[in-house]
Amino acid sequence: MRAGRHNMIANKLVAARSGDSWLLRRQLEEFASTVPGAAAGNLINGAITVVLMRDTVPWPLLGTLALGLCALVVWRFLIARQANRQFRNYVRLKGLSNQILANAIGFGGLWGCIVWAVMYWGTSVDSIFAGIVGAGMMSAGVISYRSIGKAASFYVLSWLPGAALALTSLSDDVAYACLGLLVCYVVVLGANINTTAERFITGCERERELKRSRDTIGLLLHQFTEQGADWLVEVDRRGRLLNPCTRLATATLLPQETLDGMAFHSLLNPDESAAELSEHFRAGRSFRNHIVSVFVGGEKRWWSLSAQPVKDGRVAYRGVVTDITAQREAEDRVTYLAHYDSLTDLPNRFHFNQQLYQALRTRKPMALMYIDLDNFKAVNDTLGHSEGDKLLKAAAERISSCLTRSDLLARLGGDEFAVILKGAEACKVDEVAARIVAEMGQTLPLGDHDVVVGTSIGIAFAPEHGDKADTLLRNADLALYAAKARGRNRAITFEPGMDQAAQDRRLLELDLRNALGKDEMRLHYQPLVSVADGSVTGHEALIRWVHPERGIVMPADFIPVAEETGLILQLGEWVLRQAIDDLAGWPEQMPVSINLSPVQMRSPTLISTMVNAIAANGVDPARICLEITETVLMQESEANVATLHRLRDLGVQIALDDFGTGYSSLNYLRSFPFSKIKIDRCFVAEIDSREDCRAIVRSVVSLAQSLGMTTCAEGIERQEQVDMLRAEGCGEVQGYLYSKAVPLEQLSDLRGPRASASVVLKDFDVPVAVGKAFANKSRVA
Ligand code: C2E
Ligand code: CA
Ligand code: CA
């Protein structure tokens, strides 16, 4: 029991010490603030009373009362001084409060005595004086003790004995009535004292809460301003900055003193967004994430502002500013990348399509150019991607130098570009295209190399060739395809027939996919003949597609499709097996030449197929000659040369085919130890009439000899050509003069070694296509 009670008291004390000392201190402070006024009132009224009553009230009594009053005033001052010292110790504060109670009782009692003395010794006029002074002092005292209700009550009650004694001593009805009124007066005052004291305490509590929350907010704001990425801004009613923080100063490069009182608006870019912000301020609206721009040190920055109106002293608006420049720049960059190509800075496919749709919607005539760089892939593969990128940039510049401002050039991806020409420009499209082809035909310096890329262009007009974007794009693409098919490096305008050609190609591709499965492929053989004695020195395997409806399809018509679709891998493998299989039945020493597509060079199964075919048939690998073209050396040259070495290590011969048709350079002869060089038909065709052709053949033959390689001239149709070649030292020839490529069963010479070439010159099963199938080979590169 005792322990419980003890605990309770202890708890109360802790609560009192920690909780109420602040309230008590506020009460004492309030009391102390009234002391000078209350002291003055007491002293003045006391002095007037002494002066007026000096002859009425006996001196000793008057003197004692006056001295008592002075002593109480001095005591009150001493209490006030102590109260102002801001004690935090509750016990000391409580002591002071008790002193105030005692002091209040002293004052109340003393004034009660003064009133009694005046009424007792004085006249009825003196009594009126005493009544008025007493009432005044009583209510003024209550006011001065307003913060400490108990003191006010004690003060009033202490009045009662003296006043009651004075009134009853008068023994008059009026005096009794006055006593009754006095009691009522005290009751009313008492009630008032309670409400006033309560109100004071509630006010103090509210003040304390406010202070606490202000402290917390202040703390948070401080942390926020000093540590966060954002900063706080306060402005007054007129939009002038108040208490600018260091962060704002850093962000604006202005000293805090300059910012203080500066119009917030003067910091902003005077644009629409800033005007909208003023409107928010004027209307007293709160707003969130309002974006404005500012110029800081000549650099544009973006701020996001959120603020709301407040009433806190001079602060009319308080808000947060976030610098979103980095975010904004990132967003701009993303938008840019969504519409532009980062390498060339040209609009990309997405942007181009948007522009095309818009241009078509106007229903005005326009032209569309599809541009493709002819040798981009070769350059990219040979010189590497960084040189390829440089080439694309240079190409973009060259193409745009041929255009006007109103034309839109875009990079659609890879080496594909496109141009929209609107209005009057569209009529000049042929001229513009020719300019681009000529410009791109010029050599272009790339690092240590000079390259010629060349372009093919497909043109389509709206609305003639289509008023929908898809149609127009497809038709320009078909025209581009035709430009490539017709030997590249040219511009071709769409013609309705091209659509048919594209469809035909698609059907051919479909048929080709099934051709091997349906056993429609055949190998024909064309003999190679020795210039010295006219004997057959070997046979080149040339593929034919025997289609049930198309008839015999020549390789020029389907090999490019097979290469594009990748079908060449299956096809090439079939050719290898079939040719080696056939070879096994031939007389010893009779070799076979097999064409290899550049695409096959990248096939991981090439070597194993070779090995298997050789092993399965038990043929001497030296009887196999693989013919490759210069493109193999241009594309991924390192990997391809490595593959060539591995093939050579198997014991297979390697010949360089079509020498002179590619981007010929005698340097290719040095890049790999070929067994044989096959000089292309284009040099041989006019060797008997053109000295330059003869000179080229001479230099190739002599270089080949010096490198230990043999030479073979292709496409021999006349005896004069053979005579010339013999004179130049060429070892082998191949051509219609001796035989076209024929099916194996028609090669009678293969029944015995070293048969005469003339034996095979009979039955041609091949439709005569001299010059037609190879029309595209007649160009000297
Ligand atoms: P190529 O390797 O240069 O083959 C020689 C081509 O010239 C053959 O055409 C041949 O029939 C033709 N030709 C031969 N002598 C003469 C002549 O005196 N005058 C004329 N005008 N032409 C002559 P073909 O058989 O149409 O082959 C064309 C090309 O197709 C070949 O050119 C070769 O690059 C490719 N090819 C043929 N068969 C295969 C194959 O099995 N695999 C691969 N990858 N390509 C092949
Ligand atoms: Ca060949
Ligand atoms: Ca050839």
# chains A, B, ... in the order shown; residues from 1 in each chain; ligands from 1
$ residues_near_ligand --ligand "ligand 1" --cutoff "7 Å" --atoms "only C-alpha atoms and all ligand atoms" --output "JSON, numbers by chain"
{"A": [541, 542, 543, 554, 555, 556, 559, 572, 575, 594, 595, 596, 597, 657, 658, 714, 715, 716, 717, 734, 735, 736, 737, 740, 741, 770, 771, 773, 774]}
$ residues_around --residues "range 97-112 of chain A" --least-positions-apart "2" --cutoff "6 Å" --atoms "only C-alpha atoms" --output "number ranges by chain"
A: 94-95, 114-115, 151, 154-155, 158-159, 162-163
$ atom_distance --atom1 "CA of Gln503 in chain A" --atom2 "CA of Ala483 in chain A"
16.5 Å
$ residues_around --residues "Leu666 in chain A" --least-positions-apart "4" --cutoff "10 Å" --atoms "only C-alpha atoms" --output "PyMOL selection string"
chain A and resi 659-660+670-671+699-700+703-704
$ atom_distance --atom1 "CA of Thr404 in chain A" --atom2 "CA of Pro445 in chain A"
25.0 Å
$ atom_distance --atom1 "CA of Ser593 in chain A" --atom2 "CA of Leu508 in chain A"
27.1 Å
$ select_by_dssp --residues "range 349-481 of chain A" --states "helix (DSSP H, G or I)" --output "ChimeraX atom specification"
/A:349-361,376-383,385-401,424-427,429-440,469-481
$ residues_around --residues "Arg726 in chain A" --least-positions-apart "4" --cutoff "7 Å" --atoms "only C-alpha atoms" --output "list in words"
Val531, Val722 and Cys730 of chain A
$ write_last_selection --atoms "C-alpha atoms" --output "short mmCIF file (atom, residue, chain, number, x, y, z; two decimals), in the first residue's frame"
data_model
loop_
_atom_site.label_atom_id
_atom_site.label_comp_id
_atom_site.auth_asym_id
_atom_site.auth_seq_id
_atom_site.Cartn_x
_atom_site.Cartn_y
_atom_site.Cartn_z
CA VAL A 531 46.55 -23.74 -125.20
CA VAL A 722 43.47 -18.49 -128.65
CA CYS A 730 48.38 -17.98 -121.18
#
$ residues_around --residues "Met610 in chain A" --least-positions-apart "3" --cutoff "10 Å" --atoms "only C-alpha atoms" --output "ChimeraX atom specification"
/A:573,576-577,580,605-607,613-616,621,647,650,652
$ select_by_dssp --residues "range 364-429 of chain A" --states "strand (DSSP E or B)" --output "PyMOL selection string"
chain A and resi 366-373+408-413+416-422
$ write_last_selection --atoms "N, CA and C atoms" --output "PDB file, in the first residue's frame"
ATOM      1  N   MET A 366       4.371  14.690-105.173  1.00  0.00           N
ATOM      2  CA  MET A 366       5.674  14.577-104.511  1.00  0.00           C
ATOM      3  C   MET A 366       6.425  13.364-105.065  1.00  0.00           C
ATOM      4  N   ALA A 367       7.739  13.351-104.813  1.00  0.00           N
ATOM      5  CA  ALA A 367       8.544  12.223-105.274  1.00  0.00           C
ATOM      6  C   ALA A 367       9.273  11.616-104.096  1.00  0.00           C
ATOM      7  N   LEU A 368       9.462  10.300-104.171  1.00  0.00           N
ATOM      8  CA  LEU A 368      10.163   9.595-103.103  1.00  0.00           C
ATOM      9  C   LEU A 368      11.369   8.882-103.710  1.00  0.00           C
ATOM     10  N   MET A 369      12.527   9.086-103.093  1.00  0.00           N
ATOM     11  CA  MET A 369      13.742   8.417-103.573  1.00  0.00           C
ATOM     12  C   MET A 369      14.212   7.440-102.497  1.00  0.00           C
ATOM     13  N   TYR A 370      14.480   6.213-102.917  1.00  0.00           N
ATOM     14  CA  TYR A 370      15.093   5.229-102.033  1.00  0.00           C
ATOM     15  C   TYR A 370      16.548   5.123-102.466  1.00  0.00           C
ATOM     16  N   ILE A 371      17.470   5.346-101.555  1.00  0.00           N
ATOM     17  CA  ILE A 371      18.885   5.349-101.938  1.00  0.00           C
ATOM     18  C   ILE A 371      19.621   4.239-101.195  1.00  0.00           C
ATOM     19  N   ASP A 372      20.411   3.478-101.912  1.00  0.00           N
ATOM     20  CA  ASP A 372      21.167   2.394-101.283  1.00  0.00           C
ATOM     21  C   ASP A 372      22.622   2.495-101.732  1.00  0.00           C
ATOM     22  N   LEU A 373      23.549   2.399-100.796  1.00  0.00           N
ATOM     23  CA  LEU A 373      24.967   2.481-101.165  1.00  0.00           C
ATOM     24  C   LEU A 373      25.403   1.125-101.707  1.00  0.00           C
ATOM     25  N   LEU A 408      13.433  16.440 -97.695  1.00  0.00           N
ATOM     26  CA  LEU A 408      13.703  15.765 -96.429  1.00  0.00           C
ATOM     27  C   LEU A 408      14.526  14.507 -96.682  1.00  0.00           C
ATOM     28  N   LEU A 409      15.731  14.499 -96.129  1.00  0.00           N
ATOM     29  CA  LEU A 409      16.599  13.328 -96.258  1.00  0.00           C
ATOM     30  C   LEU A 409      16.578  12.574 -94.938  1.00  0.00           C
ATOM     31  N   ALA A 410      16.410  11.269 -95.011  1.00  0.00           N
ATOM     32  CA  ALA A 410      16.392  10.459 -93.788  1.00  0.00           C
ATOM     33  C   ALA A 410      17.262   9.235 -93.978  1.00  0.00           C
ATOM     34  N   ARG A 411      17.779   8.723 -92.842  1.00  0.00           N
ATOM     35  CA  ARG A 411      18.494   7.439 -92.914  1.00  0.00           C
ATOM     36  C   ARG A 411      17.543   6.394 -92.342  1.00  0.00           C
ATOM     37  N   LEU A 412      17.184   5.442 -93.177  1.00  0.00           N
ATOM     38  CA  LEU A 412      16.192   4.467 -92.747  1.00  0.00           C
ATOM     39  C   LEU A 412      16.821   3.313 -91.981  1.00  0.00           C
ATOM     40  N   GLY A 413      18.139   3.209 -92.042  1.00  0.00           N
ATOM     41  CA  GLY A 413      18.819   2.117 -91.346  1.00  0.00           C
ATOM     42  C   GLY A 413      19.902   1.580 -92.251  1.00  0.00           C
ATOM     43  N   GLU A 416      20.755   2.446 -96.011  1.00  0.00           N
ATOM     44  CA  GLU A 416      19.554   2.867 -96.740  1.00  0.00           C
ATOM     45  C   GLU A 416      19.177   4.302 -96.386  1.00  0.00           C
ATOM     46  N   PHE A 417      19.018   5.110 -97.408  1.00  0.00           N
ATOM     47  CA  PHE A 417      18.575   6.486 -97.195  1.00  0.00           C
ATOM     48  C   PHE A 417      17.302   6.717 -98.012  1.00  0.00           C
ATOM     49  N   ALA A 418      16.565   7.761 -97.677  1.00  0.00           N
ATOM     50  CA  ALA A 418      15.380   8.080 -98.471  1.00  0.00           C
ATOM     51  C   ALA A 418      15.192   9.590 -98.480  1.00  0.00           C
ATOM     52  N   VAL A 419      14.595  10.089 -99.567  1.00  0.00           N
ATOM     53  CA  VAL A 419      14.371  11.538 -99.691  1.00  0.00           C
ATOM     54  C   VAL A 419      12.928  11.776-100.116  1.00  0.00           C
ATOM     55  N   ILE A 420      12.315  12.786 -99.509  1.00  0.00           N
ATOM     56  CA  ILE A 420      11.001  13.223 -99.977  1.00  0.00           C
ATOM     57  C   ILE A 420      11.216  14.565-100.665  1.00  0.00           C
ATOM     58  N   LEU A 421      10.770  14.683-101.902  1.00  0.00           N
ATOM     59  CA  LEU A 421      10.848  15.952-102.621  1.00  0.00           C
ATOM     60  C   LEU A 421       9.424  16.419-102.872  1.00  0.00           C
ATOM     61  N   LYS A 422       9.126  17.627-102.390  1.00  0.00           N
ATOM     62  CA  LYS A 422       7.743  18.099-102.505  1.00  0.00           C
ATOM     63  C   LYS A 422       7.610  19.171-103.581  1.00  0.00           C
TER      64      LYS A 422
END
